[in-house]
file coords-v4.csv (CSV, C-alpha atoms)
chain,number,residue,atom,x,y,z
A,26,MET,CA,10.1,-19.2,6.7
A,27,LEU,CA,10.4,-16.1,4.4
A,28,LYS,CA,13.6,-15.6,2.5
A,29,SER,CA,15.8,-12.6,3.3
A,30,HIS,CA,17.1,-11.8,-0.2
A,31,TYR,CA,16.4,-12.4,-3.9
A,32,TYR,CA,19.5,-10.6,-5.3
A,33,GLU,CA,22.8,-11.9,-3.8
A,34,GLU,CA,25.3,-9.3,-2.7
A,35,LEU,CA,23.1,-6.3,-3.7
A,36,VAL,CA,21.4,-3.8,-1.4
A,37,GLU,CA,17.8,-4.7,-2.1
A,38,ALA,CA,14.6,-2.8,-1.3
A,39,GLY,CA,11.3,-4.6,-1.1
A,40,CYS,CA,8.2,-2.8,-2.2
A,41,ASP,CA,4.4,-3.3,-1.7
A,42,GLU,CA,1.3,-1.1,-1.8
A,43,ALA,CA,-2.0,-0.9,0.0
A,44,GLY,CA,-5.4,0.5,-1.0
A,45,ARG,CA,-5.4,-0.3,-4.7
A,46,GLY,CA,-8.9,-1.8,-4.7
A,47,CYS,CA,-10.5,1.0,-2.5
A,48,LEU,CA,-13.2,3.4,-3.6
A,49,ALA,CA,-11.8,6.2,-1.4
A,50,GLY,CA,-8.5,7.4,-0.1
A,51,SER,CA,-5.0,7.6,-1.3
A,52,VAL,CA,-2.9,4.6,-2.3
A,53,TYR,CA,0.1,4.0,-0.1
A,54,ALA,CA,3.3,2.1,-0.8
A,55,ALA,CA,6.4,1.3,1.2
A,56,ALA,CA,10.0,0.5,0.4
A,57,VAL,CA,12.1,-1.3,3.0
A,58,ILE,CA,15.8,-2.3,3.1
A,59,LEU,CA,16.5,-4.9,5.7
A,60,PRO,CA,20.0,-5.9,7.0
A,61,GLU,CA,21.8,-8.8,5.3
A,62,ASN,CA,20.7,-12.2,6.7
A,63,TYR,CA,17.9,-10.6,8.6
A,64,GLU,CA,15.5,-13.0,10.5
A,65,ASN,CA,12.1,-12.4,11.9
A,66,ASP,CA,9.7,-15.3,12.3
A,67,MET,CA,6.7,-13.1,12.9
A,68,LEU,CA,6.9,-11.3,9.5
A,69,ASN,CA,4.4,-12.3,6.9
A,70,ASP,CA,2.0,-10.9,4.4
A,71,SER,CA,0.1,-8.1,6.2
A,72,LYS,CA,-3.3,-9.6,5.1
A,73,LYS,CA,-2.5,-12.7,7.2
A,74,LEU,CA,-1.8,-10.8,10.4
A,75,SER,CA,-4.2,-9.2,12.9
A,76,ALA,CA,-4.2,-5.4,13.1
A,77,LYS,CA,-2.6,-5.5,16.6
A,78,LYS,CA,0.3,-7.7,15.3
A,79,ARG,CA,0.8,-5.4,12.3
A,80,TYR,CA,1.3,-2.4,14.5
A,81,VAL,CA,3.7,-4.3,16.8
A,82,LEU,CA,5.7,-5.4,13.7
A,83,ARG,CA,5.7,-1.8,12.3
A,84,GLU,CA,7.8,-0.7,15.3
A,85,ILE,CA,10.1,-3.6,14.9
A,86,ILE,CA,10.6,-3.0,11.2
A,87,GLU,CA,11.2,0.7,11.7
A,88,ARG,CA,13.8,-0.1,14.4
A,89,ASP,CA,15.6,-2.9,12.5
A,90,ALA,CA,15.5,-1.7,8.8
A,91,LEU,CA,18.6,-0.1,7.3
A,92,ALA,CA,16.1,2.2,5.6
A,93,TRP,CA,12.3,2.5,5.1
A,94,ALA,CA,9.9,5.0,3.6
A,95,VAL,CA,6.3,5.4,2.6
A,96,GLY,CA,5.0,7.0,-0.6
A,97,VAL,CA,1.5,8.3,-1.1
A,98,VAL,CA,-0.6,9.1,-4.3
A,99,THR,CA,-3.9,11.0,-3.8
A,100,PRO,CA,-7.3,10.2,-5.1
A,101,GLU,CA,-7.1,13.1,-7.6
A,102,GLU,CA,-3.8,11.7,-9.0
A,103,ILE,CA,-5.3,8.2,-9.2
A,104,ASP,CA,-8.2,9.6,-11.3
A,105,LYS,CA,-5.7,11.3,-13.6
A,106,ILE,CA,-3.2,8.5,-14.2
A,107,ASN,CA,-5.2,5.3,-13.2
A,108,ILE,CA,-4.6,3.1,-10.2
A,109,LEU,CA,-1.9,0.9,-11.8
A,110,ASN,CA,0.3,3.9,-12.6
A,111,ALA,CA,-0.6,5.4,-9.2
A,112,SER,CA,0.7,2.2,-7.5
A,113,PHE,CA,4.0,2.5,-9.3
A,114,LEU,CA,4.2,6.2,-8.5
A,115,ALA,CA,3.6,5.6,-4.8
A,116,MET,CA,6.4,2.9,-4.9
A,117,HIS,CA,8.7,5.3,-6.7
A,118,ARG,CA,8.0,8.1,-4.1
A,119,ALA,CA,8.8,5.7,-1.3
A,120,LEU,CA,12.1,4.7,-3.0
A,121,ASP,CA,13.0,8.3,-3.5
A,122,GLN,CA,12.8,8.9,0.2
A,123,LEU,CA,15.1,6.0,1.3
A,124,GLY,CA,18.2,7.2,3.2
A,125,THR,CA,20.2,4.2,1.8
A,126,HIS,CA,20.1,3.9,-1.9
A,127,PRO,CA,19.1,0.4,-3.1
A,128,GLU,CA,21.0,-1.4,-5.8
A,129,ALA,CA,18.0,-3.7,-6.7
A,130,ILE,CA,14.3,-3.8,-6.1
A,131,ILE,CA,11.8,-6.7,-5.5
A,132,ILE,CA,8.1,-5.9,-5.8
A,133,ASP,CA,5.0,-7.7,-4.8
A,134,GLY,CA,2.8,-8.4,-7.9
A,135,ASN,CA,3.5,-9.0,-11.6
A,136,ARG,CA,4.0,-5.5,-13.0
A,137,PHE,CA,6.3,-2.6,-12.2
A,138,LYS,CA,7.6,0.6,-14.0
A,139,PRO,CA,11.4,0.7,-13.9
A,140,TYR,CA,12.9,2.9,-11.3
A,141,ARG,CA,16.0,4.8,-12.4
A,142,ASP,CA,18.2,2.1,-14.0
A,143,LEU,CA,18.0,-0.4,-11.1
A,144,PRO,CA,17.5,-4.1,-11.7
A,145,PHE,CA,14.1,-5.3,-10.4
A,146,THR,CA,12.0,-8.4,-10.1
A,147,THR,CA,8.3,-8.7,-9.6
A,148,ILE,CA,7.2,-11.6,-7.4
A,149,VAL,CA,3.5,-12.8,-7.3
A,150,LYS,CA,2.5,-13.1,-3.6
A,151,GLY,CA,6.0,-11.8,-2.8
A,152,ASP,CA,4.7,-10.5,0.6
A,153,GLY,CA,4.4,-14.1,1.6
A,154,LYS,CA,7.9,-15.1,0.3
A,155,TYR,CA,10.4,-12.3,1.0
A,156,LEU,CA,10.9,-10.5,4.3
A,157,SER,CA,11.5,-7.0,2.8
A,158,ILE,CA,8.3,-7.2,0.8
A,159,ALA,CA,6.3,-8.5,3.8
A,160,ALA,CA,7.8,-5.6,5.8
A,161,ALA,CA,6.8,-3.1,3.1
A,162,SER,CA,3.2,-4.6,3.0
A,163,ILE,CA,2.9,-4.0,6.8
A,164,LEU,CA,4.2,-0.4,6.6
A,165,ALA,CA,1.9,0.5,3.7
A,166,LYS,CA,-1.1,-1.1,5.3
A,167,THR,CA,-0.7,0.4,8.8
A,168,TYR,CA,0.1,3.9,7.5
A,169,ARG,CA,-2.9,3.8,5.2
A,170,ASP,CA,-5.1,2.5,8.0
A,171,ASP,CA,-4.0,5.4,10.2
A,172,TYR,CA,-4.9,7.8,7.4
A,173,MET,CA,-8.3,6.2,6.7
A,174,LEU,CA,-9.1,6.2,10.5
A,175,SER,CA,-8.5,9.9,10.6
A,176,LEU,CA,-10.7,10.5,7.6
A,177,ALA,CA,-13.4,8.3,9.2
A,178,GLU,CA,-13.7,10.8,12.0
A,179,GLU,CA,-14.5,13.5,9.5
A,180,TYR,CA,-16.9,11.3,7.4
A,181,PRO,CA,-18.4,8.8,9.9
A,182,GLN,CA,-21.3,7.8,7.6
A,183,TYR,CA,-19.1,5.8,5.2
A,184,ASP,CA,-17.9,3.3,7.9
A,185,TRP,CA,-14.2,3.8,6.8
A,186,GLN,CA,-13.1,2.9,10.3
A,187,SER,CA,-14.2,-0.7,9.5
A,188,ASN,CA,-13.9,-0.9,5.7
A,189,MET,CA,-10.8,1.4,5.2
A,190,GLY,CA,-12.4,2.6,2.0
A,191,TYR,CA,-12.9,-0.8,0.4
A,192,PRO,CA,-16.2,-1.5,-1.5
A,193,THR,CA,-18.4,-2.9,1.2
A,194,LYS,CA,-22.2,-2.9,1.1
A,195,LYS,CA,-22.4,-0.3,3.8
A,196,HIS,CA,-19.9,2.0,2.0
A,197,ARG,CA,-21.8,1.8,-1.2
A,198,GLU,CA,-25.1,2.4,0.5
A,199,ALA,CA,-23.6,5.6,2.1
A,200,ILE,CA,-22.4,6.8,-1.3
A,201,ARG,CA,-26.0,6.3,-2.6
A,202,LYS,CA,-27.5,8.2,0.3
A,203,TYR,CA,-24.9,11.0,0.9
A,204,GLY,CA,-23.1,11.3,-2.3
A,205,ILE,CA,-19.3,11.4,-2.5
A,206,THR,CA,-16.5,13.1,-0.6
A,207,PRO,CA,-13.4,14.8,-1.9
A,208,PHE,CA,-11.6,11.6,-1.1
A,209,HIS,CA,-13.6,9.3,-3.3
A,210,ARG,CA,-12.0,8.0,-6.6
A,211,LYS,CA,-14.3,9.4,-9.2
A,212,SER,CA,-12.9,7.1,-12.0
A,213,TYR,CA,-14.1,4.1,-10.1
A,214,ASN,CA,-17.4,2.3,-10.4
A,215,LEU,CA,-18.4,3.6,-7.0
A,216,LEU,CA,-21.9,2.1,-6.9
A,217,GLY,CA,-20.9,-1.3,-8.1
A,218,ASP,CA,-23.5,-1.3,-10.8
A,219,GLY,CA,-21.1,-1.5,-13.7
A,220,GLN,CA,-21.8,2.2,-14.6
A,221,LEU,CA,-19.6,5.2,-14.2
A,222,SER,CA,-22.8,7.4,-14.4
A,223,PHE,CA,-22.9,8.5,-10.8
A,224,ASP,CA,-23.8,12.2,-10.7
A,225,PHE,CA,-20.7,13.9,-9.4
call {"tool": "encode", "arguments": {"input": "coords-v4.csv", "output": "structure tokens"}}
result
Amino acid sequence: MLKSHYYEELVEAGCDEAGRGCLAGSVYAAAVILPENYENDMLNDSKKLSAKKRYVLREIIERDALAWAVGVVTPEEIDKINILNASFLAMHRALDQLGTHPEAIIIDGNRFKPYRDLPFTTIVKGDGKYLSIAAASILAKTYRDDYMLSLAEEYPQYDWQSNMGYPTKKHREAIRKYGITPFHRKSYNLLGDGQLSFDF
């Protein structure tokens, strides 16, 4: 059973991101504020759920949450500021859009850049421990999947409808064969050979 809150008596937002390890596409992050003493036995780390279950839960989260939002950072921005900073920026953009202002933040992972002057706690594997982080992981993942599926229609050769931009063998073979798209992250080791010498 996941816990409902880390900070007692504070309005708390849970944050998580999706797409950090991808070779292509934007990084997405979500921020979610759930009601006090919220319960949902189905909620878990998005990676442990089927795609079908994630989309069912997305509707439930959006209905039940006091506030939720999704932030996006583009491949161009990732190349400029690096993926770690891009992940923080995506979370900040999500937090900026919340209709209810949080008084504290809990974040999946072990690093975070302070947001305004709010207290925050990073929690390793937090998406399997706290409901609001699990909810954020589901929103970030499903909205990013929607985006990658739409890009896959434009660029079918990269198999994004299956790999969602992650570094699979098929994805890297397509980069070798067809080159890169405007959505590839040029600062990444796209060919998996340890070199950043790909001819852009």
call {"tool": "closest_residue", "arguments": {"input": "coords-v4.csv", "among": "A:Phe145, A:Tyr32, A:Tyr53, A:Tyr80", "to": "Ala111 in chain A", "atoms": "all atoms listed in the file"}}
result
A:Tyr53
call {"tool": "residues_near_point", "arguments": {"input": "coords-v4.csv", "point": "(6.4, -10.0, 11.4)", "cutoff": "8 Å", "atoms": "only C-alpha atoms", "output": "mmCIF file with C-alpha atoms, in the coordinates of the input"}}
result
data_model
loop_
_atom_site.group_PDB
_atom_site.id
_atom_site.type_symbol
_atom_site.label_atom_id
_atom_site.label_comp_id
_atom_site.auth_asym_id
_atom_site.auth_seq_id
_atom_site.Cartn_x
_atom_site.Cartn_y
_atom_site.Cartn_z
ATOM 1 C CA ASN A 65 12.100 -12.400 11.900
ATOM 2 C CA ASP A 66 9.700 -15.300 12.300
ATOM 3 C CA MET A 67 6.700 -13.100 12.900
ATOM 4 C CA LEU A 68 6.900 -11.300 9.500
ATOM 5 C CA ASN A 69 4.400 -12.300 6.900
ATOM 6 C CA LYS A 78 0.300 -7.700 15.300
ATOM 7 C CA ARG A 79 0.800 -5.400 12.300
ATOM 8 C CA LEU A 82 5.700 -5.400 13.700
ATOM 9 C CA ALA A 159 6.300 -8.500 3.800
ATOM 10 C CA ALA A 160 7.800 -5.600 5.800
#
call {"tool": "residues_around", "arguments": {"input": "coords-v4.csv", "residues": "Glu198 in chain A", "least_positions_apart": "4", "cutoff": "9 Å", "atoms": "all atoms listed in the file", "output": "ChimeraX atom specification"}}
result
/A:183,193-194,202-203,216
call {"tool": "closest_residue", "arguments": {"input": "coords-v4.csv", "among": "A:Ser51, A:Leu120, A:Arg210, A:Arg141", "to": "Asp171 in chain A", "atoms": "only C-alpha atoms"}}
result
A:Ser51
call {"tool": "residues_near_point", "arguments": {"input": "coords-v4.csv", "point": "(12.8, -14.4, 1.1)", "cutoff": "7 Å", "atoms": "all atoms listed in the file", "output": "list in words"}}
result
Leu27, Lys28, Ser29, His30, Tyr31, Lys154, Tyr155 and Leu156 of chain A
call {"tool": "atom_distance", "arguments": {"input": "coords-v4.csv", "atom1": "CA of Ala119 in chain A", "atom2": "CA of Met26 in chain A"}}
result
26.2 Å
call {"tool": "residues_around", "arguments": {"input": "coords-v4.csv", "residues": "Ala76 in chain A", "least_positions_apart": "6", "cutoff": "10 Å", "atoms": "all atoms listed in the file", "output": "list in words"}}
result
Leu82, Ile163, Lys166, Thr167 and Asp170 of chain A
call {"tool": "write_last_selection", "arguments": {"input": "coords-v4.csv", "atoms": "C-alpha atoms", "output": "compact mmCIF listing (two decimals), keeping the file's coordinate frame"}}
result
# COMPACT_ATOMS: atom_id res chain seq x y z
CA LEU A 82 5.70 -5.40 13.70
CA ILE A 163 2.90 -4.00 6.80
CA LYS A 166 -1.10 -1.10 5.30
CA THR A 167 -0.70 0.40 8.80
CA ASP A 170 -5.10 2.50 8.00
call {"tool": "atom_distance", "arguments": {"input": "coords-v4.csv", "atom1": "CA of Glu178 in chain A", "atom2": "CA of Cys47 in chain A"}}
result
17.8 Å
call {"tool": "residues_around", "arguments": {"input": "coords-v4.csv", "residues": "Asp121 in chain A", "least_positions_apart": "4", "cutoff": "12 Å", "atoms": "all atoms listed in the file", "output": "MDAnalysis selection string"}}
result
chainID A and resid 38 54:57 92:97 114:117 125:127 140:141
call {"tool": "residues_around", "arguments": {"input": "coords-v4.csv", "residues": "Tyr213 in chain A", "least_positions_apart": "4", "cutoff": "9 Å", "atoms": "all atoms listed in the file", "output": "list of chain:residue names"}}
result
A:Cys47, A:Leu48, A:Asp104, A:His209, A:Gly217, A:Leu221
call {"tool": "closest_residue", "arguments": {"input": "coords-v4.csv", "among": "A:Glu37, A:Asp142, A:Asp152, A:Glu179", "to": "Lys72 in chain A", "atoms": "all atoms listed in the file"}}
result
A:Asp152
call {"tool": "residues_around", "arguments": {"input": "coords-v4.csv", "residues": "Tyr180 in chain A", "least_positions_apart": "6", "cutoff": "12 Å", "atoms": "only C-alpha atoms", "output": "ChimeraX atom specification"}}
result
/A:49-50,173-174,186,189-190,196,199-200,203-209
call {"tool": "atom_distance", "arguments": {"input": "coords-v4.csv", "atom1": "CA of Asp133 in chain A", "atom2": "CA of Ser212 in chain A"}}
result
24.3 Å
call {"tool": "closest_residue", "arguments": {"input": "coords-v4.csv", "among": "A:Val81, A:Ala90, A:Val52, A:Val36", "to": "Glu64 in chain A", "atoms": "all atoms listed in the file"}}
result
A:Ala90
call {"tool": "decode", "arguments": {"input": "coords-v4.csv", "residues": "range 81-102 of chain A", "atoms": "N, CA, C and O atoms", "output": "mmCIF file, in the first residue's frame"}}
result
data_model
loop_
_atom_site.group_PDB
_atom_site.id
_atom_site.type_symbol
_atom_site.label_atom_id
_atom_site.label_comp_id
_atom_site.auth_asym_id
_atom_site.auth_seq_id
_atom_site.Cartn_x
_atom_site.Cartn_y
_atom_site.Cartn_z
ATOM 1 N N VAL A 81 -6.344 4.029 -17.904
ATOM 2 C CA VAL A 81 -7.513 3.996 -17.011
ATOM 3 C C VAL A 81 -7.221 4.858 -15.784
ATOM 4 O O VAL A 81 -8.046 5.684 -15.360
ATOM 5 N N LEU A 82 -6.025 4.680 -15.220
ATOM 6 C CA LEU A 82 -5.643 5.437 -14.021
ATOM 7 C C LEU A 82 -5.500 6.931 -14.315
ATOM 8 O O LEU A 82 -5.795 7.758 -13.456
ATOM 9 N N ARG A 83 -5.051 7.269 -15.529
ATOM 10 C CA ARG A 83 -4.921 8.695 -15.857
ATOM 11 C C ARG A 83 -6.253 9.405 -15.689
ATOM 12 O O ARG A 83 -6.325 10.484 -15.094
ATOM 13 N N GLU A 84 -7.322 8.788 -16.185
ATOM 14 C CA GLU A 84 -8.655 9.399 -16.043
ATOM 15 C C GLU A 84 -9.053 9.539 -14.579
ATOM 16 O O GLU A 84 -9.626 10.553 -14.176
ATOM 17 N N ILE A 85 -8.751 8.521 -13.789
ATOM 18 C CA ILE A 85 -9.093 8.553 -12.360
ATOM 19 C C ILE A 85 -8.299 9.648 -11.643
ATOM 20 O O ILE A 85 -8.855 10.413 -10.842
ATOM 21 N N ILE A 86 -7.010 9.726 -11.939
ATOM 22 C CA ILE A 86 -6.144 10.739 -11.307
ATOM 23 C C ILE A 86 -6.643 12.144 -11.650
ATOM 24 O O ILE A 86 -6.776 13.010 -10.773
ATOM 25 N N GLU A 87 -6.943 12.368 -12.931
ATOM 26 C CA GLU A 87 -7.377 13.705 -13.354
ATOM 27 C C GLU A 87 -8.723 14.077 -12.730
ATOM 28 O O GLU A 87 -8.979 15.241 -12.460
ATOM 29 N N ARG A 88 -9.545 13.080 -12.468
ATOM 30 C CA ARG A 88 -10.840 13.326 -11.825
ATOM 31 C C ARG A 88 -10.672 13.601 -10.333
ATOM 32 O O ARG A 88 -11.306 14.491 -9.774
ATOM 33 N N ASP A 89 -9.805 12.816 -9.681
ATOM 34 C CA ASP A 89 -9.712 12.858 -8.220
ATOM 35 C C ASP A 89 -8.747 13.916 -7.676
ATOM 36 O O ASP A 89 -8.901 14.365 -6.535
ATOM 37 N N ALA A 90 -7.739 14.285 -8.453
ATOM 38 C CA ALA A 90 -6.693 15.187 -7.942
ATOM 39 C C ALA A 90 -7.259 16.571 -7.633
ATOM 40 O O ALA A 90 -8.160 17.061 -8.322
ATOM 41 N N LEU A 91 -6.706 17.193 -6.608
ATOM 42 C CA LEU A 91 -7.033 18.597 -6.318
ATOM 43 C C LEU A 91 -6.448 19.479 -7.413
ATOM 44 O O LEU A 91 -7.019 20.503 -7.781
ATOM 45 N N ALA A 92 -5.290 19.075 -7.925
ATOM 46 C CA ALA A 92 -4.642 19.794 -9.030
ATOM 47 C C ALA A 92 -3.644 18.860 -9.693
ATOM 48 O O ALA A 92 -3.043 18.018 -9.031
ATOM 49 N N TRP A 93 -3.483 19.023 -11.002
ATOM 50 C CA TRP A 93 -2.467 18.258 -11.731
ATOM 51 C C TRP A 93 -2.029 19.073 -12.944
ATOM 52 O O TRP A 93 -2.780 19.912 -13.452
ATOM 53 N N ALA A 94 -0.805 18.833 -13.382
ATOM 54 C CA ALA A 94 -0.294 19.531 -14.563
ATOM 55 C C ALA A 94 0.886 18.753 -15.132
ATOM 56 O O ALA A 94 1.539 17.973 -14.421
ATOM 57 N N VAL A 95 1.147 18.998 -16.414
ATOM 58 C CA VAL A 95 2.250 18.340 -17.116
ATOM 59 C C VAL A 95 3.164 19.415 -17.706
ATOM 60 O O VAL A 95 2.677 20.381 -18.307
ATOM 61 N N GLY A 96 4.474 19.247 -17.507
ATOM 62 C CA GLY A 96 5.464 20.171 -18.062
ATOM 63 C C GLY A 96 6.322 19.464 -19.090
ATOM 64 O O GLY A 96 6.600 18.268 -18.963
ATOM 65 N N VAL A 97 6.747 20.202 -20.112
ATOM 66 C CA VAL A 97 7.493 19.613 -21.233
ATOM 67 C C VAL A 97 8.754 20.428 -21.504
ATOM 68 O O VAL A 97 8.725 21.657 -21.465
ATOM 69 N N VAL A 98 9.857 19.721 -21.787
ATOM 70 C CA VAL A 98 11.105 20.376 -22.219
ATOM 71 C C VAL A 98 11.544 19.704 -23.521
ATOM 72 O O VAL A 98 11.632 18.477 -23.602
ATOM 73 N N THR A 99 11.798 20.502 -24.531
ATOM 74 C CA THR A 99 12.042 19.998 -25.895
ATOM 75 C C THR A 99 13.454 19.417 -26.062
ATOM 76 O O THR A 99 14.350 19.718 -25.267
ATOM 77 N N PRO A 100 13.650 18.628 -27.132
ATOM 78 C CA PRO A 100 15.000 18.105 -27.415
ATOM 79 C C PRO A 100 16.043 19.216 -27.570
ATOM 80 O O PRO A 100 17.183 19.067 -27.120
ATOM 81 N N GLU A 101 15.657 20.349 -28.193
ATOM 82 C CA GLU A 101 16.599 21.470 -28.357
ATOM 83 C C GLU A 101 17.041 22.005 -26.998
ATOM 84 O O GLU A 101 18.223 22.296 -26.783
ATOM 85 N N GLU A 102 16.085 22.129 -26.091
ATOM 86 C CA GLU A 102 16.403 22.615 -24.745
ATOM 87 C C GLU A 102 17.270 21.600 -23.997
ATOM 88 O O GLU A 102 18.202 21.977 -23.285
#
